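Okay, run_7.txt is below, compact mmCIF, C-alpha atoms and all ligand atoms:
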# COMPACT_ATOMS: atom_id res chain seq x y z
CA MET A 29 -1.04 -7.78 5.83
CA LYS A 30 -4.25 -6.35 4.74
CA ARG A 31 -3.33 -2.75 5.19
CA ALA A 32 -6.48 -1.14 4.06
CA ALA A 33 -4.51 1.73 5.43
CA GLU A 34 -3.78 3.98 2.53
CA SER A 35 -6.57 3.12 0.29
CA ASN A 36 -10.24 3.26 -0.22
CA MET A 37 -11.63 1.41 2.73
CA ALA A 38 -15.00 0.48 1.39
CA ASP A 39 -14.01 -1.03 -1.90
CA THR A 40 -10.68 -2.47 -1.00
CA ALA A 41 -11.77 -5.08 1.49
CA SER A 42 -9.13 -7.70 1.19
CA LYS A 43 -9.23 -11.38 1.95
CA ARG A 44 -6.26 -12.15 4.05
CA GLU A 45 -6.45 -15.85 3.67
CA THR A 46 -7.01 -16.25 -0.05
CA ASP A 47 -3.44 -16.73 -1.02
CA ARG A 48 -2.30 -18.96 1.77
CA ASP A 49 -2.90 -22.09 -0.23
CA GLU A 50 -1.46 -20.59 -3.37
CA ALA A 51 1.84 -19.37 -2.07
CA ASP A 52 4.60 -21.91 -1.95
CA GLU A 53 4.94 -23.36 1.51
CA SER A 54 8.63 -22.64 1.40
CA ALA A 55 7.94 -19.00 0.65
CA HIS A 56 5.65 -18.35 3.58
CA LYS A 57 8.31 -16.80 5.70
CA VAL A 58 10.24 -13.77 4.68
CA LYS A 59 13.80 -14.72 4.06
CA ARG A 60 16.04 -12.63 6.25
CA THR A 61 19.66 -11.88 5.76
CA GLU A 62 21.97 -12.24 8.76
CA ALA A 63 22.21 -8.49 9.01
CA ASP A 64 18.46 -8.19 9.32
CA GLY A 65 18.58 -9.68 12.79
CA GLU A 66 15.69 -11.07 14.78
CA ASN A 67 13.26 -8.28 14.15
CA GLY A 68 13.92 -7.68 10.51
CA PRO A 69 15.90 -5.01 8.77
CA GLY A 70 16.57 -1.51 10.00
CA HIS A 71 14.80 -0.05 12.95
CA ASP A 72 12.09 -2.64 13.10
CA GLY A 73 11.67 -3.63 16.73
CA GLU A 74 13.40 -0.64 18.29
CA GLU A 75 11.70 0.43 21.51
CA SER A 76 9.98 3.78 21.01
CA GLU A 77 8.53 6.27 23.46
CA ASN A 78 4.74 5.80 23.66
CA ILE A 79 3.68 8.95 21.85
CA LEU A 80 0.16 7.54 21.71
CA SER A 81 -0.40 7.73 25.47
CA GLY A 82 -1.69 11.29 24.98
CA PHE A 83 -3.78 10.53 21.88
CA LYS A 84 -7.31 11.91 22.14
CA THR A 85 -9.84 10.18 19.90
CA SER A 86 -12.24 12.44 17.96
CA SER A 87 -13.92 9.81 15.79
CA VAL A 88 -13.58 6.39 14.23
CA LEU A 89 -13.15 6.96 10.49
CA SER A 90 -13.68 3.32 9.59
CA ASP A 91 -13.15 -0.14 10.99
CA SER A 92 -13.43 -3.69 9.83
CA ALA A 93 -14.00 -6.82 11.87
CA ARG A 94 -12.87 -8.86 8.91
CA GLU A 95 -9.67 -6.90 8.35
CA LYS A 96 -9.21 -6.52 12.09
CA ASN A 97 -8.29 -2.89 11.78
CA ILE A 98 -9.56 0.48 12.87
CA PHE A 99 -8.80 3.98 11.53
CA ILE A 100 -9.08 6.71 14.15
CA HIS A 101 -9.04 10.47 13.85
CA GLY A 102 -7.87 12.36 16.90
CA LYS A 103 -5.37 14.76 18.41
CA LEU A 104 -1.79 14.15 19.33
CA ALA A 105 -0.27 16.99 21.32
CA ASP A 106 -2.84 19.40 19.85
CA GLN A 107 -2.15 18.32 16.28
CA GLU A 108 -4.62 16.55 14.02
CA ALA A 109 -3.66 12.89 13.68
CA VAL A 110 -4.82 9.64 12.14
CA VAL A 111 -3.92 6.40 13.87
CA ILE A 112 -4.39 3.02 12.19
CA LEU A 113 -4.39 -0.10 14.35
CA GLU A 114 -4.29 -3.50 12.74
CA LYS A 115 -3.94 -7.02 14.07
CA THR A 116 -1.31 -8.93 12.17
CA PRO A 117 -1.46 -12.52 10.87
CA ILE A 118 -0.49 -15.43 13.09
CA ARG A 119 2.76 -16.87 11.78
CA GLU A 120 3.43 -20.58 11.68
CA GLU A 121 6.85 -20.26 13.27
CA THR A 122 5.33 -18.66 16.37
CA LEU A 123 2.86 -21.50 17.03
CA ALA A 124 5.07 -23.52 19.36
CA GLU A 125 5.61 -20.47 21.56
CA ILE A 126 1.94 -19.51 21.44
CA PHE A 127 0.92 -23.00 22.57
CA SER A 128 3.51 -23.32 25.29
CA GLY A 129 3.74 -19.73 26.53
CA SER A 130 0.13 -18.49 26.70
CA ARG A 131 -2.59 -18.37 29.33
CA LEU A 132 -5.95 -19.89 28.45
CA LYS A 133 -9.33 -18.76 29.77
CA LEU A 134 -12.21 -21.10 29.12
CA ASP A 135 -15.32 -19.58 27.50
CA LEU A 136 -17.42 -22.69 27.01
CA ARG A 137 -17.21 -26.43 26.83
CA ASN A 138 -19.92 -28.51 25.13
CA ASP A 139 -19.44 -32.12 24.10
CA ILE A 140 -16.33 -32.21 21.89
CA TYR A 141 -16.30 -28.39 21.49
CA SER A 142 -14.59 -25.81 23.63
CA THR A 143 -13.70 -22.16 23.08
CA TYR A 144 -11.10 -20.10 24.94
CA ARG A 145 -9.57 -16.69 25.15
CA LEU A 146 -5.88 -17.19 24.69
CA GLN A 147 -3.53 -14.59 26.12
CA ALA A 148 -0.35 -14.84 24.07
CA PRO A 149 3.02 -13.53 25.29
CA PRO A 150 3.11 -9.76 24.60
CA HIS A 151 5.70 -10.00 21.80
CA LEU A 152 3.38 -12.34 19.89
CA ASN A 153 0.40 -10.13 20.41
CA GLU A 154 1.47 -6.95 18.65
CA ILE A 155 -0.76 -4.52 16.79
CA LYS A 156 0.66 -2.86 13.68
CA THR A 157 0.25 0.85 14.23
CA THR A 158 0.56 3.63 11.68
CA VAL A 159 0.50 7.27 12.76
CA VAL A 160 -0.04 10.20 10.40
CA CYS A 161 0.69 13.44 12.27
CA PRO A 162 0.07 16.21 11.54
CA ALA A 163 -2.70 14.84 9.35
CA THR A 164 -4.35 17.09 6.78
CA GLU A 165 -8.07 17.25 6.07
CA LYS A 166 -7.29 15.22 2.94
CA HIS A 167 -5.77 12.40 5.03
CA ILE A 168 -8.83 12.32 7.24
CA LYS A 169 -11.07 12.04 4.16
CA LYS A 170 -8.82 9.37 2.63
CA TYR A 171 -9.26 7.05 5.58
CA LYS A 172 -12.98 7.66 6.05
CA ARG A 173 -15.33 4.99 4.78
CA GLN A 174 -17.21 6.51 1.88
CA GLU A 175 -19.39 5.84 -1.05
CA ASN A 176 -17.50 5.69 -4.37
CA PHE A 177 -18.37 6.88 -7.86
CA LEU A 178 -16.75 5.77 -11.09
CA VAL A 179 -15.41 8.69 -13.12
CA GLU A 180 -14.72 8.65 -16.84
CA GLU A 181 -11.79 10.91 -17.70
CA THR A 182 -10.91 11.69 -21.31
CA GLY A 183 -7.52 13.12 -22.20
CA THR A 184 -9.17 16.54 -22.42
CA ASP A 185 -10.82 16.09 -18.99
CA TYR A 186 -7.39 15.30 -17.59
CA ARG A 187 -5.90 18.52 -18.88
CA SER A 188 -8.86 20.78 -18.05
CA ILE A 189 -10.15 19.25 -14.79
CA THR A 190 -7.76 16.78 -13.17
CA LEU A 191 -4.36 18.34 -13.81
CA PRO A 192 -5.24 21.81 -12.44
CA TYR A 193 -6.81 20.12 -9.41
CA ILE A 194 -3.88 17.84 -8.58
CA GLN A 195 -1.42 20.69 -9.09
CA LYS A 196 -3.12 22.51 -6.22
CA GLN A 197 -4.53 19.76 -4.05
CA SER A 198 -2.43 16.62 -3.98
CA PHE A 199 -0.68 15.08 -0.98
CA SER A 200 2.88 16.13 -0.30
CA VAL A 201 5.47 13.75 -1.73
CA GLN A 202 8.08 14.77 0.83
CA TRP A 203 8.16 11.18 2.12
CA VAL A 204 9.07 10.03 -1.42
CA HIS A 205 11.91 12.53 -1.68
CA ASN A 206 13.14 11.43 1.75
CA ILE A 207 13.36 7.85 0.48
CA LEU A 208 15.14 8.85 -2.74
CA GLU A 209 17.60 11.01 -0.78
CA LYS A 210 18.14 8.32 1.91
CA LYS A 211 16.80 10.62 4.59
CA ALA A 212 14.21 8.01 5.58
CA GLU A 213 13.76 4.26 5.33
CA ALA A 214 17.30 3.85 3.89
CA GLU A 215 17.77 0.60 5.82
CA ARG A 216 14.57 -0.84 4.30
CA VAL A 217 15.66 -0.52 0.68
CA VAL A 218 15.55 -3.91 -1.04
CA TYR A 219 17.11 -2.79 -4.31
CA GLU A 220 18.23 0.41 -5.96
CA ASP A 221 19.21 1.34 -9.48
CA PRO A 222 20.71 4.84 -9.04
CA ASP A 223 20.51 5.81 -12.72
CA PRO A 224 18.81 9.25 -12.93
CA GLU A 225 16.85 8.30 -16.08
CA VAL A 226 15.81 4.67 -15.64
CA GLY A 227 16.69 4.17 -11.97
CA PHE A 228 14.38 3.52 -9.01
CA VAL A 229 14.30 2.50 -5.37
CA LEU A 230 12.46 -0.69 -4.41
CA LEU A 231 11.37 -0.98 -0.79
CA PRO A 232 8.58 -2.40 1.37
CA ASP A 233 5.36 -0.44 1.28
CA PHE A 234 4.54 0.73 4.78
CA LYS A 235 1.37 -1.34 4.64
CA TRP A 236 3.50 -4.51 4.81
CA ASP A 237 4.98 -5.68 8.09
CA GLN A 238 7.52 -7.90 6.24
CA LYS A 239 6.82 -10.83 8.54
CA GLN A 240 5.46 -13.18 5.88
CA VAL A 241 5.53 -13.13 2.09
CA HIS A 242 1.95 -14.12 1.43
CA ASP A 243 1.00 -10.45 1.69
CA LEU A 244 4.25 -9.05 0.25
CA TYR A 245 3.89 -5.44 -0.81
CA LEU A 246 6.77 -3.43 -2.23
CA ILE A 247 6.87 -0.17 -4.13
CA ALA A 248 9.34 0.96 -6.76
CA ILE A 249 9.80 4.73 -6.70
CA VAL A 250 11.42 6.27 -9.77
CA HIS A 251 14.35 8.66 -9.46
CA GLN A 252 12.91 10.99 -12.09
CA ARG A 253 10.85 13.65 -10.36
CA ASN A 254 8.73 15.00 -13.16
CA ILE A 255 6.45 12.02 -13.86
CA ARG A 256 3.23 12.48 -11.96
CA SER A 257 1.26 9.42 -13.01
CA LEU A 258 0.23 7.05 -15.78
CA ARG A 259 -1.07 10.07 -17.71
CA ASP A 260 2.45 11.48 -18.11
CA LEU A 261 3.87 8.28 -19.58
CA THR A 262 4.90 8.16 -23.24
CA SER A 263 7.03 5.75 -25.26
CA ASP A 264 10.08 7.69 -23.98
CA HIS A 265 9.47 6.04 -20.62
CA ILE A 266 9.46 2.46 -21.91
CA PRO A 267 13.13 1.86 -20.94
CA LEU A 268 12.35 3.11 -17.41
CA LEU A 269 9.27 0.90 -17.09
CA GLN A 270 11.04 -2.16 -18.50
CA ASN A 271 13.93 -1.60 -16.13
CA ILE A 272 11.61 -1.45 -13.11
CA PHE A 273 9.74 -4.53 -14.27
CA GLN A 274 12.85 -6.61 -14.94
CA LYS A 275 15.06 -5.58 -12.04
CA GLY A 276 12.17 -5.40 -9.59
CA LYS A 277 11.19 -8.99 -10.34
CA GLU A 278 14.81 -10.16 -10.10
CA ALA A 279 15.31 -8.44 -6.75
CA ILE A 280 12.12 -9.98 -5.35
CA LEU A 281 13.13 -13.44 -6.54
CA GLN A 282 16.51 -13.07 -4.93
CA ARG A 283 15.34 -11.63 -1.64
CA TYR A 284 11.99 -13.36 -1.09
CA GLU A 285 12.24 -16.41 -3.39
CA LEU A 286 9.04 -15.34 -5.14
CA PRO A 287 9.04 -15.92 -8.91
CA ALA A 288 7.54 -13.41 -11.35
CA SER A 289 4.60 -15.78 -11.88
CA LYS A 290 3.52 -15.05 -8.28
CA LEU A 291 3.57 -11.28 -8.60
CA ARG A 292 1.05 -8.59 -9.49
CA VAL A 293 2.97 -5.54 -10.73
CA TYR A 294 0.84 -2.45 -11.38
CA LEU A 295 0.30 1.30 -11.20
CA HIS A 296 -2.65 3.07 -9.66
CA TYR A 297 -4.72 5.59 -11.52
CA GLN A 298 -5.51 7.90 -9.80
CA PRO A 299 -2.64 7.44 -7.36
CA SER A 300 -2.66 9.18 -4.00
CA TYR A 301 0.88 10.45 -4.48
CA TYR A 302 1.80 12.05 -7.79
CA HIS A 303 5.37 10.86 -8.13
CA LEU A 304 5.55 7.81 -10.36
CA HIS A 305 5.75 4.53 -8.43
CA VAL A 306 4.91 0.91 -9.19
CA HIS A 307 3.25 -1.55 -6.81
CA PHE A 308 4.59 -5.11 -6.45
CA THR A 309 2.29 -7.47 -4.53
CA THR A 310 1.82 -11.21 -4.42
CA LEU A 311 -0.76 -12.48 -6.86
CA GLY A 312 -2.79 -14.25 -4.22
CA TYR A 313 -3.01 -11.19 -1.99
CA ASP A 314 -6.04 -9.06 -2.60
CA ALA A 315 -4.20 -5.83 -1.86
CA PRO A 316 -6.15 -2.62 -1.30
CA GLY A 317 -6.59 -0.88 -4.67
CA CYS A 318 -5.74 -3.88 -6.86
CA GLY A 319 -9.19 -3.94 -8.50
CA VAL A 320 -9.65 -3.33 -12.24
CA GLU A 321 -11.03 0.15 -11.64
CA ARG A 322 -7.75 1.40 -10.21
CA ALA A 323 -4.86 -0.95 -11.04
CA HIS A 324 -3.08 -0.98 -14.41
CA LEU A 325 -0.70 -3.89 -14.97
CA LEU A 326 2.79 -2.66 -15.74
CA ALA A 327 3.08 -5.25 -18.52
CA ASP A 328 -0.04 -3.81 -20.19
CA VAL A 329 1.18 -0.24 -19.74
CA ILE A 330 4.44 -1.09 -21.51
CA GLN A 331 2.64 -2.81 -24.38
CA ASN A 332 0.13 0.01 -24.77
CA LEU A 333 2.97 2.52 -25.06
CA GLN A 334 4.74 0.28 -27.56
CA SER A 335 1.69 0.23 -29.78
CA ASP A 336 0.90 3.94 -29.36
CA PRO A 337 3.50 6.35 -27.91
CA GLN A 338 0.73 8.77 -26.80
CA TYR A 339 -1.65 6.11 -25.52
CA TYR A 340 -2.05 7.49 -21.99
CA GLU A 341 -2.25 11.09 -23.12
CA LYS A 342 -5.31 10.31 -25.25
CA ARG A 343 -7.06 7.36 -23.67
CA THR A 344 -10.23 7.66 -21.60
CA LEU A 345 -9.39 6.32 -18.16
CA TYR A 346 -11.85 5.20 -15.50
CA PHE A 347 -11.33 5.40 -11.75
CA PRO A 348 -13.32 5.56 -8.53
CA LEU A 349 -13.55 8.70 -6.41
CA ARG A 350 -15.00 9.08 -2.96
CA ALA A 351 -18.16 11.07 -2.39
CA ASP A 352 -16.36 13.98 -0.73
CA ASP A 353 -13.30 14.02 -2.97
CA GLY A 354 -12.75 17.53 -4.29
CA LEU A 355 -11.90 16.10 -7.70
CA LEU A 356 -15.32 14.48 -7.89
CA GLY A 357 -16.80 17.93 -7.23
CA LYS A 358 -14.78 19.33 -10.15
CA PHE A 359 -16.08 16.60 -12.49
CA LYS A 360 -19.63 17.40 -11.33
CA GLU A 361 -19.13 21.14 -11.87
CA ALA A 362 -17.90 20.41 -15.39
CA GLY A 363 -21.01 18.36 -16.07
CA ARG A 364 -18.96 15.19 -16.46
CA LEU A 365 -20.88 13.20 -13.85
P1 LIG B 1 -0.67 5.29 -4.34
O1 LIG B 1 -1.03 4.50 -5.55
O2 LIG B 1 -0.16 6.68 -4.56
O3 LIG B 1 -1.91 5.46 -3.41
O4 LIG B 1 0.39 4.41 -3.56
P2 LIG B 1 -2.63 4.59 -2.32
O5 LIG B 1 -1.91 4.95 -1.04
O6 LIG B 1 -4.02 5.15 -2.31
O7 LIG B 1 -2.51 3.18 -2.72
C1 LIG B 1 1.27 4.91 -2.62
C2 LIG B 1 1.83 3.74 -1.84
O8 LIG B 1 2.86 4.21 -0.98
C3 LIG B 1 0.78 3.09 -0.95
O9 LIG B 1 0.76 1.70 -1.17
C4 LIG B 1 1.21 3.47 0.46
O10 LIG B 1 0.92 2.48 1.43
C5 LIG B 1 2.69 3.67 0.31
N1 LIG B 1 3.23 4.65 1.27
C6 LIG B 1 2.66 5.83 1.62
N2 LIG B 1 3.51 6.47 2.48
C7 LIG B 1 3.21 7.80 3.06
C8 LIG B 1 4.61 5.71 2.66
C9 LIG B 1 5.80 5.87 3.41
O11 LIG B 1 6.04 6.85 4.12
N3 LIG B 1 6.70 4.85 3.31
C10 LIG B 1 6.47 3.72 2.55
N4 LIG B 1 7.41 2.77 2.53
N5 LIG B 1 5.36 3.57 1.83
C11 LIG B 1 4.42 4.55 1.88
Write-out of the structure in structure tokens:
Amino acid sequence: MKRAAESNMADTASKRETDRDEADESAHKVKRTEADGENGPGHDGEESENILSGFKTSSVLSDSAREKNIFIHGKLADQEAVVILEKTPIREETLAEIFSGSRLKLDLRNDIYSTYRLQAPPHLNEIKTTVVCPATEKHIKKYKRQENFLVEETGTDYRSITLPYIQKQSFSVQWVHNILEKKAEAERVVYEDPDPEVGFVLLPDFKWDQKQVHDLYLIAIVHQRNIRSLRDLTSDHIPLLQNIFQKGKEAILQRYELPASKLRVYLHYQPSYYHLHVHFTTLGYDAPGCGVERAHLLADVIQNLQSDPQYYEKRTLYFPLRADDGLLGKFKEAGRL
């Protein structure tokens, strides 16, 4: 799914269809274990109370006809909230039911051409919905369409500008701790290596609905809690990174029948959440944030650390920041932009 959700909306426009031809036909559907049941693993499909019935829209933060999604800021029971609605891809295995079980309304007929509005059965007409509540001002900014600026950050800039800023301003990583402690999403875990040094949890990113593998998106979250980002990595972390790379790829092959040659495995710099995690997406899927200005291939990161243990401490790194990002303001104040 193109979940522009968590990322820069303007520059992460993704092309849902690009990988369809590339992905193996046999791998189009997510392989489910028996225990996963009809609706996928865990709580997927459980009926939930409609908490959105009282949602009051304040503004549309961004929307995309191409992505078929909309990001809305509003209030939910007097709390600030962001709601993301997104139409999901049409899956091949649902076609028979769509054709036989829908109502058709004719729009026009002209020669050999006709267009209709098809009303599919409700269960085939779902909208993926993400709710962030209570949402902080930072969330609202994150989802707002904005102009971007490329920042050049030296190692010194990181220590004098970025680090003090992220120590005060970054998003809470409570959701990450919940995953590591099995307080949330435990049933969604695809693979875990519990080792405190080199271990990690691999699970579906919440941008992925797990219905088809062409837009597969998993994240590996490390058990170590003191690694904020790429900048903190040294050669000491090579065993950890190699372990994630190797075991992550193996787990994805086993579970989704996707070979390593079909995967893009990378870290974001800057990330949104400063607890080290690695993104695993399919190669043909233009995932939000997979552009060269933000994504760093894990294979390259490992090699860079092998050739220079302090590579990421010293290197100048480039990344985009939104116009109203506080960190951009700090770079401007320091005369670095
Ligand atoms: P990032 O590189 O820190 O920032 O990635 P980005 O969000 O700007 O890409 C964090 C990743 O974690 C993103 O791909 C998010 O979609 C994903 N993510 C964020 N949250 C809050 C959750 C969550 O609660 N559960 C899961 N499974 N994934 C999440």
Residues within 6 Å of ligand LIG 1 (chain B) should be enumerated using all atoms listed in the file and returned as a PyMOL selection string.
chain A and resi 34-35+203+232-235+296+299-301
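Among A:His303, A:Leu291, A:Lys169, A:Gly82, the residue with the shortest atom-to-atom distance to A:Ile255, counting only C-alpha atoms, is A:His303.
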Quick one: residues within 12 Å of A:Ala109, all atoms listed in the file counted, chain neighbours fewer than 3 positions away excluded, as a VMD selection string?
chain A and resid 79 to 80 82 to 89 99 to 106 112 158 to 168 171
Nearest residue to A:Val320 out of A:Thr262, A:Tyr346, A:Phe273, A:Phe308, using only C-alpha atoms?
A:Tyr346
Residues within 7 Å of stretch 353-359 of chain A, all atoms listed in the file, excluding chain neighbours under 3 positions, as a PDB file with C-alpha atoms, keeping the file's coordinate frame:
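As written to disk, part24.pdb reads:
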ATOM      1  CA  ILE A 189     -10.150  19.250 -14.790  1.00  0.00           C
ATOM      2  CA  THR A 190      -7.760  16.780 -13.170  1.00  0.00           C
ATOM      3  CA  TYR A 193      -6.810  20.120  -9.410  1.00  0.00           C
ATOM      4  CA  LEU A 349     -13.550   8.700  -6.410  1.00  0.00           C
ATOM      5  CA  ARG A 350     -15.000   9.080  -2.960  1.00  0.00           C
ATOM      6  CA  ALA A 362     -17.900  20.410 -15.390  1.00  0.00           C
ATOM      7  CA  GLY A 363     -21.010  18.360 -16.070  1.00  0.00           C
ATOM      8  CA  ARG A 364     -18.960  15.190 -16.460  1.00  0.00           C
ATOM      9  CA  LEU A 365     -20.880  13.200 -13.850  1.00  0.00           C
TER      10      LEU A 365
END
Calculate how many Å separate atom CA of A:Leu326 from atom CA of A:Val306, rounding to one decimal.
7.8 Å
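Across the model, the gap from atom CA of A:Gly317 to atom CA of A:Arg292 is 11.9 Å.
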To one decimal in Å, tell me the separation between atom CA of A:Val218 and atom CA of A:Ser257.
22.9 Å
For A:His205, work out the shell of residues within 12 Å, counting only C-alpha atoms and skipping chain neighbours fewer than 2 positions away, then give it as an MDAnalysis selection string.
chainID A and resid 200:203 207:214 228:229 249:253 301:304
Neighbour list for A:Val293 as a list in words, cut-off 10 Å, all atoms listed in the file, skip fewer than 6 positions in-chain
Tyr245, Leu246, Ile247, Ala248, Ile272, Phe273, Gly276, Lys277, Val306, His307, Phe308, Thr309, Thr310, Leu311, Cys318, Ala323, His324, Leu325, Leu326 and Ala327 of chain A
Expected file contents, prior selection, C-alpha atoms, as an mmCIF file, keeping the file's coordinate frame:
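So the final result, stored in part-v7.cif, reads:
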data_model
loop_
_atom_site.group_PDB
_atom_site.id
_atom_site.type_symbol
_atom_site.label_atom_id
_atom_site.label_comp_id
_atom_site.auth_asym_id
_atom_site.auth_seq_id
_atom_site.Cartn_x
_atom_site.Cartn_y
_atom_site.Cartn_z
ATOM 1 C CA TYR A 245 3.890 -5.440 -0.810
ATOM 2 C CA LEU A 246 6.770 -3.430 -2.230
ATOM 3 C CA ILE A 247 6.870 -0.170 -4.130
ATOM 4 C CA ALA A 248 9.340 0.960 -6.760
ATOM 5 C CA ILE A 272 11.610 -1.450 -13.110
ATOM 6 C CA PHE A 273 9.740 -4.530 -14.270
ATOM 7 C CA GLY A 276 12.170 -5.400 -9.590
ATOM 8 C CA LYS A 277 11.190 -8.990 -10.340
ATOM 9 C CA VAL A 306 4.910 0.910 -9.190
ATOM 10 C CA HIS A 307 3.250 -1.550 -6.810
ATOM 11 C CA PHE A 308 4.590 -5.110 -6.450
ATOM 12 C CA THR A 309 2.290 -7.470 -4.530
ATOM 13 C CA THR A 310 1.820 -11.210 -4.420
ATOM 14 C CA LEU A 311 -0.760 -12.480 -6.860
ATOM 15 C CA CYS A 318 -5.740 -3.880 -6.860
ATOM 16 C CA ALA A 323 -4.860 -0.950 -11.040
ATOM 17 C CA HIS A 324 -3.080 -0.980 -14.410
ATOM 18 C CA LEU A 325 -0.700 -3.890 -14.970
ATOM 19 C CA LEU A 326 2.790 -2.660 -15.740
ATOM 20 C CA ALA A 327 3.080 -5.250 -18.520
#
Because some atoms of stretch 316-322 of chain A are absent here, can you restore all heavy atoms and send them as a PDB file, in the frame of the given file?
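Contents of rebuild_14.pdb, as written:
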ATOM      1  N   PRO A 316      -5.273  -3.767  -1.117  1.00  0.00           N
ATOM      2  CA  PRO A 316      -6.150  -2.620  -1.300  1.00  0.00           C
ATOM      3  C   PRO A 316      -5.818  -1.920  -2.622  1.00  0.00           C
ATOM      4  O   PRO A 316      -4.649  -1.681  -2.911  1.00  0.00           O
ATOM      5  CB  PRO A 316      -5.813  -1.707  -0.121  1.00  0.00           C
ATOM      6  CG  PRO A 316      -5.136  -2.570   0.873  1.00  0.00           C
ATOM      7  CD  PRO A 316      -4.505  -3.701   0.131  1.00  0.00           C
ATOM      8  N   GLY A 317      -6.833  -1.633  -3.421  1.00  0.00           N
ATOM      9  CA  GLY A 317      -6.590  -0.880  -4.670  1.00  0.00           C
ATOM     10  C   GLY A 317      -6.103  -1.742  -5.825  1.00  0.00           C
ATOM     11  O   GLY A 317      -5.596  -1.202  -6.798  1.00  0.00           O
ATOM     12  N   CYS A 318      -6.230  -3.073  -5.730  1.00  0.00           N
ATOM     13  CA  CYS A 318      -5.740  -3.880  -6.860  1.00  0.00           C
ATOM     14  C   CYS A 318      -6.886  -4.244  -7.824  1.00  0.00           C
ATOM     15  O   CYS A 318      -6.693  -5.015  -8.760  1.00  0.00           O
ATOM     16  CB  CYS A 318      -4.973  -5.116  -6.413  1.00  0.00           C
ATOM     17  SG  CYS A 318      -6.017  -6.436  -5.794  1.00  0.00           S
ATOM     18  N   GLY A 319      -8.054  -3.668  -7.618  1.00  0.00           N
ATOM     19  CA  GLY A 319      -9.190  -3.940  -8.500  1.00  0.00           C
ATOM     20  C   GLY A 319      -9.011  -3.309  -9.877  1.00  0.00           C
ATOM     21  O   GLY A 319      -8.190  -2.397 -10.060  1.00  0.00           O
ATOM     22  N   VAL A 320      -9.805  -3.795 -10.852  1.00  0.00           N
ATOM     23  CA  VAL A 320      -9.650  -3.330 -12.240  1.00  0.00           C
ATOM     24  C   VAL A 320      -9.957  -1.840 -12.430  1.00  0.00           C
ATOM     25  O   VAL A 320      -9.559  -1.250 -13.425  1.00  0.00           O
ATOM     26  CB  VAL A 320     -10.555  -4.134 -13.216  1.00  0.00           C
ATOM     27  CG1 VAL A 320     -10.082  -5.561 -13.353  1.00  0.00           C
ATOM     28  CG2 VAL A 320     -12.017  -4.082 -12.782  1.00  0.00           C
ATOM     29  N   GLU A 321     -10.693  -1.257 -11.475  1.00  0.00           N
ATOM     30  CA  GLU A 321     -11.030   0.150 -11.640  1.00  0.00           C
ATOM     31  C   GLU A 321      -9.892   1.082 -11.221  1.00  0.00           C
ATOM     32  O   GLU A 321      -9.976   2.293 -11.399  1.00  0.00           O
ATOM     33  CB  GLU A 321     -12.331   0.487 -10.880  1.00  0.00           C
ATOM     34  CG  GLU A 321     -12.224   0.552  -9.372  1.00  0.00           C
ATOM     35  CD  GLU A 321     -12.219  -0.807  -8.688  1.00  0.00           C
ATOM     36  OE1 GLU A 321     -11.790  -1.796  -9.293  1.00  0.00           O
ATOM     37  OE2 GLU A 321     -12.613  -0.855  -7.501  1.00  0.00           O
ATOM     38  N   ARG A 322      -8.836   0.514 -10.657  1.00  0.00           N
ATOM     39  CA  ARG A 322      -7.750   1.400 -10.210  1.00  0.00           C
ATOM     40  C   ARG A 322      -6.352   0.915 -10.604  1.00  0.00           C
ATOM     41  O   ARG A 322      -5.434   1.706 -10.755  1.00  0.00           O
ATOM     42  CB  ARG A 322      -7.842   1.553  -8.688  1.00  0.00           C
ATOM     43  CG  ARG A 322      -6.958   2.644  -8.173  1.00  0.00           C
ATOM     44  CD  ARG A 322      -7.418   3.234  -6.870  1.00  0.00           C
ATOM     45  NE  ARG A 322      -6.500   4.274  -6.482  1.00  0.00           N
ATOM     46  CZ  ARG A 322      -5.802   4.282  -5.356  1.00  0.00           C
ATOM     47  NH1 ARG A 322      -5.965   3.324  -4.469  1.00  0.00           N
ATOM     48  NH2 ARG A 322      -4.974   5.254  -5.098  1.00  0.00           N
TER      49      ARG A 322
END
